[in-house]
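Chemist: Here you go, entry-v1.txt (compact mmCIF, C-alpha atoms):
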```txt
# COMPACT_ATOMS: atom_id res chain seq x y z
CA MET A 1 17.97 8.49 -11.11
CA THR A 2 19.24 5.16 -9.77
CA GLU A 3 18.53 3.72 -6.31
CA ARG A 4 22.17 4.45 -5.43
CA ASP A 5 21.58 8.10 -6.34
CA PHE A 6 18.53 8.19 -4.06
CA ALA A 7 20.49 6.54 -1.27
CA ARG A 8 23.41 8.95 -1.65
CA ASP A 9 21.03 11.93 -1.51
CA LEU A 10 19.17 10.67 1.55
CA TYR A 11 21.99 8.91 3.42
CA PRO A 12 25.25 10.64 2.40
CA PHE A 13 26.96 9.53 5.63
CA LEU A 14 26.84 5.94 4.31
CA TYR A 15 29.39 6.90 1.65
CA PRO A 16 32.50 7.77 3.71
CA ALA A 17 34.77 8.03 0.65
CA GLU A 18 32.80 11.07 -0.42
CA HIS A 19 33.26 12.71 2.99
CA ALA A 20 36.81 11.70 3.86
CA GLY A 21 38.51 13.90 6.40
CA GLY A 22 35.28 15.34 7.76
CA SER A 23 34.88 16.12 11.45
CA GLU A 24 32.38 14.50 13.81
CA ALA A 25 30.37 17.74 13.80
CA ALA A 26 30.25 17.66 10.02
CA LEU A 27 29.09 14.03 10.09
CA LEU A 28 26.31 14.84 12.57
CA GLN A 29 25.23 17.78 10.44
CA SER A 30 25.15 15.46 7.43
CA VAL A 31 22.92 13.00 9.30
CA ARG A 32 20.64 15.83 10.42
CA GLN A 33 20.33 17.24 6.92
CA SER A 34 19.73 13.78 5.48
CA THR A 35 16.86 13.25 7.94
CA LEU A 36 15.32 16.61 7.11
CA ASP A 37 15.62 15.92 3.38
CA LYS A 38 13.97 12.52 3.80
CA CYS A 39 11.08 14.07 5.74
CA ALA A 40 10.67 16.69 3.02
CA HIS A 41 10.51 13.96 0.34
CA VAL A 42 7.88 12.03 2.30
CA VAL A 43 5.73 15.10 3.02
CA ALA A 44 5.88 16.13 -0.64
CA LEU A 45 4.85 12.65 -1.78
CA ARG A 46 1.95 12.46 0.66
CA THR A 47 0.69 15.91 -0.29
CA GLU A 48 0.96 15.09 -3.98
CA MET A 49 -0.81 11.73 -3.69
CA LEU A 50 -3.67 13.04 -1.58
CA ALA A 51 -4.24 15.87 -4.06
CA GLU A 52 -4.12 13.52 -7.05
CA HIS A 53 -6.40 10.85 -5.59
CA ASP A 54 -8.76 12.99 -3.48
CA GLN A 55 -12.02 12.22 -5.32
CA LEU A 56 -10.99 8.65 -6.12
CA LEU A 57 -10.40 7.96 -2.43
CA GLU A 58 -13.92 9.07 -1.55
CA GLN A 59 -15.47 7.04 -4.37
CA THR A 60 -13.48 3.95 -3.41
CA ALA A 61 -14.37 4.34 0.27
CA ALA A 62 -18.07 4.51 -0.60
CA GLN A 63 -17.82 1.29 -2.62
CA MET A 64 -15.88 -0.49 0.12
CA ALA A 65 -18.34 0.65 2.80
CA SER A 66 -21.19 -0.70 0.69
CA ARG A 67 -19.46 -4.07 0.47
CA PHE A 68 -18.81 -4.20 4.20
CA SER A 69 -22.46 -3.26 4.86
CA GLN A 70 -23.57 -6.23 2.77
CA GLY A 71 -21.49 -8.61 4.88
CA GLY A 72 -18.39 -8.53 2.73
CA LYS A 73 -14.83 -8.92 3.98
CA LEU A 74 -11.45 -7.61 2.87
CA LEU A 75 -8.80 -9.96 1.48
CA ALA A 76 -5.39 -8.24 1.38
CA PHE A 77 -2.24 -9.49 -0.32
CA GLY A 78 1.25 -8.57 -1.55
CA ASN A 79 4.84 -9.78 -1.53
CA GLY A 80 7.75 -8.84 0.73
CA GLY A 81 7.27 -5.34 2.11
CA SER A 82 3.87 -5.29 0.42
CA ALA A 83 2.95 -8.39 2.45
CA THR A 84 3.49 -6.32 5.60
CA ASP A 85 1.22 -3.66 4.08
CA ALA A 86 -1.40 -6.37 3.65
CA ASP A 87 -0.91 -7.42 7.28
CA ASP A 88 -1.31 -3.82 8.39
CA ALA A 89 -4.49 -3.35 6.34
CA ALA A 90 -6.11 -6.45 7.79
CA SER A 91 -5.06 -5.54 11.34
CA ASP A 92 -6.39 -2.00 10.97
CA CYS A 93 -9.75 -3.46 9.97
CA MET A 94 -9.96 -6.17 12.61
CA ALA A 95 -8.50 -4.14 15.50
CA PRO A 96 -9.24 -0.50 14.60
CA PRO A 97 -6.98 2.10 16.23
CA LEU A 98 -9.89 4.30 17.31
CA ALA A 99 -12.49 3.14 19.81
CA HIS A 100 -15.48 4.52 17.88
CA TRP A 101 -14.53 2.74 14.63
CA ARG A 102 -16.22 -0.51 13.65
CA ALA A 103 -14.23 -3.72 13.55
CA LEU A 104 -14.37 -4.99 9.97
CA PRO A 105 -13.79 -8.56 8.74
CA ALA A 106 -10.44 -8.88 6.98
CA VAL A 107 -7.81 -11.50 6.15
CA SER A 108 -4.16 -11.00 5.20
CA LEU A 109 -3.47 -13.76 2.67
CA PRO A 110 0.36 -13.72 3.09
CA SER A 111 -0.02 -14.40 6.81
CA ASP A 112 -1.22 -17.95 6.05
CA SER A 113 2.30 -19.33 5.74
CA ALA A 114 1.24 -22.97 5.47
CA THR A 115 -1.01 -22.33 2.48
CA MET A 116 1.49 -19.94 0.93
CA SER A 117 4.39 -22.40 1.15
CA ALA A 118 2.30 -25.37 0.02
CA LEU A 119 0.99 -23.60 -3.07
CA SER A 120 4.40 -22.14 -3.90
CA ASN A 121 5.97 -25.60 -3.69
CA ASP A 122 3.21 -27.70 -5.28
CA VAL A 123 1.75 -25.33 -7.87
CA GLY A 124 3.96 -22.26 -8.23
CA PRO A 125 4.30 -18.82 -6.66
CA ASP A 126 2.07 -17.09 -9.22
CA ALA A 127 -0.88 -19.20 -8.07
CA VAL A 128 -0.78 -18.56 -4.33
CA PHE A 129 -3.07 -15.55 -3.91
CA ALA A 130 -5.39 -16.59 -6.75
CA ARG A 131 -6.00 -19.97 -5.10
CA GLN A 132 -6.68 -18.28 -1.76
CA ILE A 133 -9.10 -15.86 -3.44
CA ALA A 134 -10.83 -18.81 -5.13
CA ALA A 135 -11.26 -20.54 -1.78
CA LEU A 136 -12.14 -17.56 0.43
CA GLY A 137 -13.55 -14.87 -1.83
CA ALA A 138 -17.23 -14.08 -2.31
CA ARG A 139 -19.18 -11.63 -4.44
CA HIS A 140 -19.48 -8.86 -1.84
CA ASP A 141 -15.84 -9.06 -0.78
CA ILE A 142 -13.00 -6.62 -1.44
CA ALA A 143 -9.63 -7.66 -2.91
CA LEU A 144 -6.87 -5.27 -1.80
CA GLY A 145 -3.51 -5.86 -3.48
CA PHE A 146 -0.14 -4.14 -3.13
CA SER A 147 2.69 -4.27 -5.70
CA THR A 148 5.35 -1.57 -5.75
CA SER A 149 6.32 -2.50 -9.33
CA GLY A 150 2.76 -3.04 -10.50
CA ASN A 151 3.96 -6.21 -12.23
CA SER A 152 3.86 -8.95 -9.56
CA GLY A 153 2.55 -12.07 -11.26
CA ASN A 154 0.72 -13.48 -8.25
CA VAL A 155 -0.95 -10.12 -7.51
CA LEU A 156 -2.16 -9.82 -11.11
CA ALA A 157 -3.44 -13.41 -11.02
CA ALA A 158 -5.25 -12.73 -7.74
CA PHE A 159 -7.06 -9.77 -9.24
CA ASP A 160 -8.07 -11.92 -12.21
CA ALA A 161 -9.57 -14.46 -9.80
CA ALA A 162 -11.28 -11.73 -7.76
CA ALA A 163 -12.75 -10.08 -10.86
CA ARG A 164 -14.23 -13.39 -11.97
CA LYS A 165 -16.02 -13.61 -8.62
CA GLY A 166 -17.40 -10.08 -8.95
CA MET A 167 -15.34 -8.77 -6.03
CA TYR A 168 -14.47 -5.09 -5.70
CA THR A 169 -10.78 -4.85 -6.55
CA VAL A 170 -8.45 -2.14 -5.19
CA ALA A 171 -4.79 -2.02 -6.26
CA PHE A 172 -1.82 -0.04 -4.96
CA SER A 173 1.09 0.31 -7.38
CA GLY A 174 4.23 2.38 -8.00
CA TYR A 175 6.38 3.66 -10.86
CA ASP A 176 3.95 4.25 -13.80
CA GLY A 177 1.39 1.79 -12.45
CA GLY A 178 2.74 -1.21 -14.35
CA GLU A 179 0.46 -3.99 -15.52
CA LEU A 180 -1.91 -3.35 -12.63
CA GLN A 181 -2.73 0.00 -14.20
CA ARG A 182 -2.96 -1.36 -17.75
CA ALA A 183 -4.53 -4.80 -17.38
CA GLY A 184 -8.06 -3.58 -16.79
CA ASN A 185 -8.88 -6.21 -14.16
CA VAL A 186 -9.03 -3.86 -11.15
CA SER A 187 -11.82 -1.50 -10.13
CA VAL A 188 -9.37 1.18 -9.02
CA CYS A 189 -5.57 1.55 -8.98
CA PHE A 190 -3.77 4.05 -6.74
CA VAL A 191 -0.28 4.79 -8.10
CA ALA A 192 2.59 6.23 -6.05
CA ARG A 193 4.53 7.76 -8.94
CA ARG A 194 8.04 7.23 -7.64
CA GLU A 195 10.93 4.92 -8.57
CA PHE A 196 12.32 4.38 -5.06
CA VAL A 197 10.58 1.49 -3.29
CA PRO A 198 10.63 2.95 0.26
CA ARG A 199 8.92 6.13 -1.00
CA ILE A 200 6.34 4.06 -2.90
CA GLN A 201 5.53 2.06 0.23
CA GLU A 202 5.22 5.23 2.31
CA GLY A 203 2.78 6.54 -0.29
CA HIS A 204 0.77 3.32 -0.11
CA ALA A 205 0.61 3.48 3.68
CA THR A 206 -0.61 7.08 3.54
CA LEU A 207 -3.36 6.36 1.02
CA TRP A 208 -4.50 3.20 2.81
CA HIS A 209 -4.93 4.94 6.17
CA VAL A 210 -6.84 7.83 4.59
CA LEU A 211 -8.98 5.34 2.68
CA LEU A 212 -9.82 3.38 5.83
CA GLU A 213 -10.79 6.56 7.69
CA LEU A 214 -13.13 7.47 4.83
CA VAL A 215 -14.60 3.95 4.89
CA GLN A 216 -15.29 4.29 8.62
CA GLN A 217 -16.93 7.68 8.08
CA ALA A 218 -19.09 6.21 5.32
CA LEU A 219 -20.13 3.48 7.76
CA GLY A 220 -21.22 6.10 10.29
CA ALA A 221 -18.12 6.78 12.40
CA ALA A 222 -17.64 10.44 13.32
CA PRO A 223 -14.52 12.14 11.96
CA GLU A 224 -11.53 12.08 14.31
CA GLY A 225 -11.81 14.86 16.88
CA ALA A 226 -15.56 15.34 16.38
CA HIS A 227 -17.86 15.32 19.39
```
What do you get writing this file as structure tokens?
Modeler:
Amino acid sequence: MTERDFARDLYPFLYPAEHAGGSEAALLQSVRQSTLDKCAHVVALRTEMLAEHDQLLEQTAAQMASRFSQGGKLLAFGNGGSATDADDAASDCMAPPLAHWRALPAVSLPSDSATMSALSNDVGPDAVFARQIAALGARHDIALGFSTSGNSGNVLAAFDAAARKGMYTVAFSGYDGGELQRAGNVSVCFVARREFVPRIQEGHATLWHVLLELVQQALGAAPEGAH
């Protein structure tokens, strides 16, 4: 199924030629049904991913909590929409949404625009995150990388650099996992098995927030709602 097919299924009102002559009520019903269908797709994806990765999430959280306990920090990275996922991950660690959670040291590598632009211009875009990892990374740190395709050159290079330092490496990918799944240079790879980028990113966001909650629990925070 192509991205246009996905878009037509989820947003049919964006294709007026296919709904010519329809009334305003019919258009509103189309928008309503499109919204409900989108919600159903997202809920199905989240349910599927949590079921698939249940044990892996707990194992990964335990490893991350151990690294944080030893003074490690999280270095997050990705391109485009995945860069905003990296920003979100770092912010969630540094400014946790729940008062009883610990603030955890974290850096979003894409947010350093000066370094990013300098390395892209002077060395090349594939080197940006790897050079940042080389400068900032340490043995007890965690490298957290997002790539919806699983094939982003600078994300793969960053994981190579992190692995050489002995960092714990956590990847989020889409489609069939791509090179991130096959390269063997990451400790764990969570794959959102979809071919539509917005769904992949929603899957990544879901898994990250569950993972962080499990990390906080492993560090001693009570589960949400517990007294």
Chemist: Smallest atom-to-atom distance to A:Gly72: which of A:Asp126, A:Asp87, A:Glu179, A:Asp141, using all atoms listed in the file?
Modeler: A:Asp141
Chemist: For a test of reading the model, state the distance in Å between atom CA of A:Thr35 and atom CA of A:Ala89, rounded to one decimal.
Modeler: 27.1 Å
Chemist: Just to confirm, what's the straight-line distance from atom CA of A:Leu36 to atom CA of A:Gly203 in Å (one decimal)?
Modeler: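 One can read the atom CA of A:Leu36 to atom CA of A:Gly203 distance as 17.7 Å.
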Chemist: Can you tell me how far atom CA of A:Ala90 sits from atom CA of A:Ser108, in Å to one decimal?
Modeler: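 Computed distance, atom CA of A:Ala90 to atom CA of A:Ser108, equals 5.6 Å.
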Chemist: Give me the residues near A:Thr84 as a list of chain:residue names, where near means some atom within 12 Å (using all atoms listed in the file) and where sequence neighbours in that chain fewer than 4 positions away do not count.
Modeler: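 Final neighbour list, sorted by chain and number: A:Ala76, A:Phe77, A:Gly78, A:Asn79, A:Gly80, A:Asp88, A:Ala89, A:Ala90, A:Ser91, A:Ser108, A:Leu109, A:Pro110, A:Ser111, A:Gly145, A:Phe146, A:Ser147, A:Gln201, A:His204, A:Ala205.
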Chemist: Model the absent atoms of stretch 178-191 of chain A so that N, CA and C atoms are present, and write the result as an mmCIF file, in the frame of the given file.
Modeler:
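Output below, filename out-v2.cif:
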```cif
data_model
loop_
_atom_site.group_PDB
_atom_site.id
_atom_site.type_symbol
_atom_site.label_atom_id
_atom_site.label_comp_id
_atom_site.auth_asym_id
_atom_site.auth_seq_id
_atom_site.Cartn_x
_atom_site.Cartn_y
_atom_site.Cartn_z
ATOM 1 N N GLY A 178 2.470 0.139 -13.887
ATOM 2 C CA GLY A 178 2.740 -1.210 -14.350
ATOM 3 C C GLY A 178 1.521 -1.882 -14.946
ATOM 4 N N GLU A 179 1.560 -3.212 -14.961
ATOM 5 C CA GLU A 179 0.460 -3.990 -15.520
ATOM 6 C C GLU A 179 -0.827 -3.844 -14.719
ATOM 7 N N LEU A 180 -0.699 -3.562 -13.426
ATOM 8 C CA LEU A 180 -1.910 -3.350 -12.630
ATOM 9 C C LEU A 180 -2.733 -2.196 -13.187
ATOM 10 N N GLN A 181 -2.046 -1.165 -13.653
ATOM 11 C CA GLN A 181 -2.730 0.000 -14.200
ATOM 12 C C GLN A 181 -3.283 -0.287 -15.592
ATOM 13 N N ARG A 182 -2.604 -1.155 -16.344
ATOM 14 C CA ARG A 182 -2.960 -1.360 -17.750
ATOM 15 C C ARG A 182 -3.854 -2.566 -18.001
ATOM 16 N N ALA A 183 -3.860 -3.533 -17.089
ATOM 17 C CA ALA A 183 -4.530 -4.800 -17.380
ATOM 18 C C ALA A 183 -6.044 -4.703 -17.448
ATOM 19 N N GLY A 184 -6.615 -3.745 -16.745
ATOM 20 C CA GLY A 184 -8.060 -3.580 -16.790
ATOM 21 C C GLY A 184 -8.840 -4.544 -15.926
ATOM 22 N N ASN A 185 -8.171 -5.248 -15.009
ATOM 23 C CA ASN A 185 -8.880 -6.210 -14.160
ATOM 24 C C ASN A 185 -9.040 -5.714 -12.721
ATOM 25 N N VAL A 186 -8.800 -4.416 -12.481
ATOM 26 C CA VAL A 186 -9.030 -3.860 -11.150
ATOM 27 C C VAL A 186 -10.037 -2.717 -11.241
ATOM 28 N N SER A 187 -10.821 -2.572 -10.171
ATOM 29 C CA SER A 187 -11.820 -1.500 -10.130
ATOM 30 C C SER A 187 -11.161 -0.139 -10.013
ATOM 31 N N VAL A 188 -10.084 -0.075 -9.221
ATOM 32 C CA VAL A 188 -9.370 1.180 -9.020
ATOM 33 C C VAL A 188 -7.909 0.874 -8.718
ATOM 34 N N CYS A 189 -7.002 1.735 -9.221
ATOM 35 C CA CYS A 189 -5.570 1.550 -8.980
ATOM 36 C C CYS A 189 -4.974 2.875 -8.515
ATOM 37 N N PHE A 190 -4.457 2.885 -7.296
ATOM 38 C CA PHE A 190 -3.770 4.050 -6.740
ATOM 39 C C PHE A 190 -2.274 3.898 -7.035
ATOM 40 N N VAL A 191 -1.684 4.888 -7.693
ATOM 41 C CA VAL A 191 -0.280 4.790 -8.100
ATOM 42 C C VAL A 191 0.558 5.827 -7.356
#
```
